[in-house]
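See below for the structure under consideration.
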Amino acid sequence: MLGLGLGQSRQKHLYLPEEHNDYIFAIVCEELGFIGAMLILMLFALLIIRGYWLAIHASDKFSSLITIGITSLLAIQVFLNVAVVTNMLPATGISLPFFSYGGTALWIQLIQIGIILAVSREIPVSKESGKKA
């Protein structure tokens with residue numbers, strides 16, 4: 001349930017192909033266990049749900065569409081990577097966002113999240129509750 005501990009994975013020593021890219025979720029699951037894997041999936045789910053919430057409440061149509069596009073891209077990428085690792089789909093080469101090795105992919109993902117954050121700044125704040133609408 002709790003895994004072997006960070007850095008204690010045995011599968012990364014020539015048992016899994018591309019363990020630092022395509023199969024990083026398998027390594028994370030082995031090291032953090034079921035609870036850690038579910039925590040990571042819940043954090044991805046919260047990020048995706050929040051992205052769609054921001055798209056619904058965006059100030060204009062373009063901001064809404066760009067947020068839906070980026071959030072959908074992230075959701076599909078997470079689904080495909082987890083499906084490949086759990087052997088539901090054949091290997092596709094899709095990396096797990098924010099986890100897989102590679103500088104360019106990480107930079108692009110951080111830029112995408114920055115765009116979503118810029119859209120979230122433009123959502124008007126309601127006067128009575130002090131919360132974003």
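Here, A, B, ... name the chains of the structure tokens in the order displayed, residue numbers run from 1 inside each chain, and ligands are numbered from 1 in the same displayed order.
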Contacts of Phe25 of chain A at 9 Å (only C-alpha atoms; same-chain gap of 6+ positions) as number ranges by chain: A: 19, 37, 81-82, 85, 96, 99-100
List every residue of chain A that DSSP, applied to the backbone of this structure, assigns to alpha helix (DSSP H), and report them as a count of residues only. 77
Within 12 Å of Thr86 of chain A, counting only C-alpha atoms, which residues qualify if same-chain residues fewer than 3 places away don't, as a VMD selection string? chain A and resid 22 to 27 29 79 to 83 89 to 91
Within 12 Å of Gly114 of chain A, counting only C-alpha atoms, which residues show up once you throw out same-chain ones fewer than 6 positions away? Write them as number ranges by chain, please. A: 51, 66-67, 70, 107-108, 120-121
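The interatomic distance for the pair atom CA of Gly33 of chain A and atom CA of Met1 of chain A works out to 5.0 Å.
If you look at atom CA of Phe44 of chain A and atom CA of Leu74 of chain A, they are 8.8 Å away from each other.
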Neighbour list for Asp60 of chain A as a list in words, cut-off 12 Å, only C-alpha atoms, skip fewer than 5 positions in-chain: Leu54, Ala55, Leu65, Ile66, Thr67, Val119, Ser120, Glu122, Ile123 and Pro124 of chain A
Okay, now the selection with C-alpha atoms, as a short mmCIF file (atom, residue, chain, number, x, y, z; two decimals), in the first residue's frame?
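Printed below is selection_28.cif as written:
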data_model
loop_
_atom_site.label_atom_id
_atom_site.label_comp_id
_atom_site.auth_asym_id
_atom_site.auth_seq_id
_atom_site.Cartn_x
_atom_site.Cartn_y
_atom_site.Cartn_z
CA LEU A 54 -11.81 28.14 -15.39
CA ALA A 55 -12.87 27.59 -19.01
CA LEU A 65 -11.48 27.87 -25.88
CA ILE A 66 -7.74 28.06 -25.18
CA THR A 67 -8.29 26.83 -21.63
CA VAL A 119 -6.85 33.31 -18.04
CA SER A 120 -7.74 32.73 -14.39
CA GLU A 122 -9.04 37.74 -15.84
CA ILE A 123 -12.06 36.09 -14.19
CA PRO A 124 -14.02 38.82 -12.41
#
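Among the candidate residues A:Phe34, A:Gln77, A:Phe62, A:Leu46, the one lying nearest to Ala105 of chain A is A:Gln77, with distances computed using only C-alpha atoms.
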Leaving out Ile48 of chain A and any residue of its chain fewer than 5 positions from it, which residues lie within 9 Å of it when counting only C-alpha atoms, given as a ChimeraX atom specification? /A:43,53,71-72,74-75
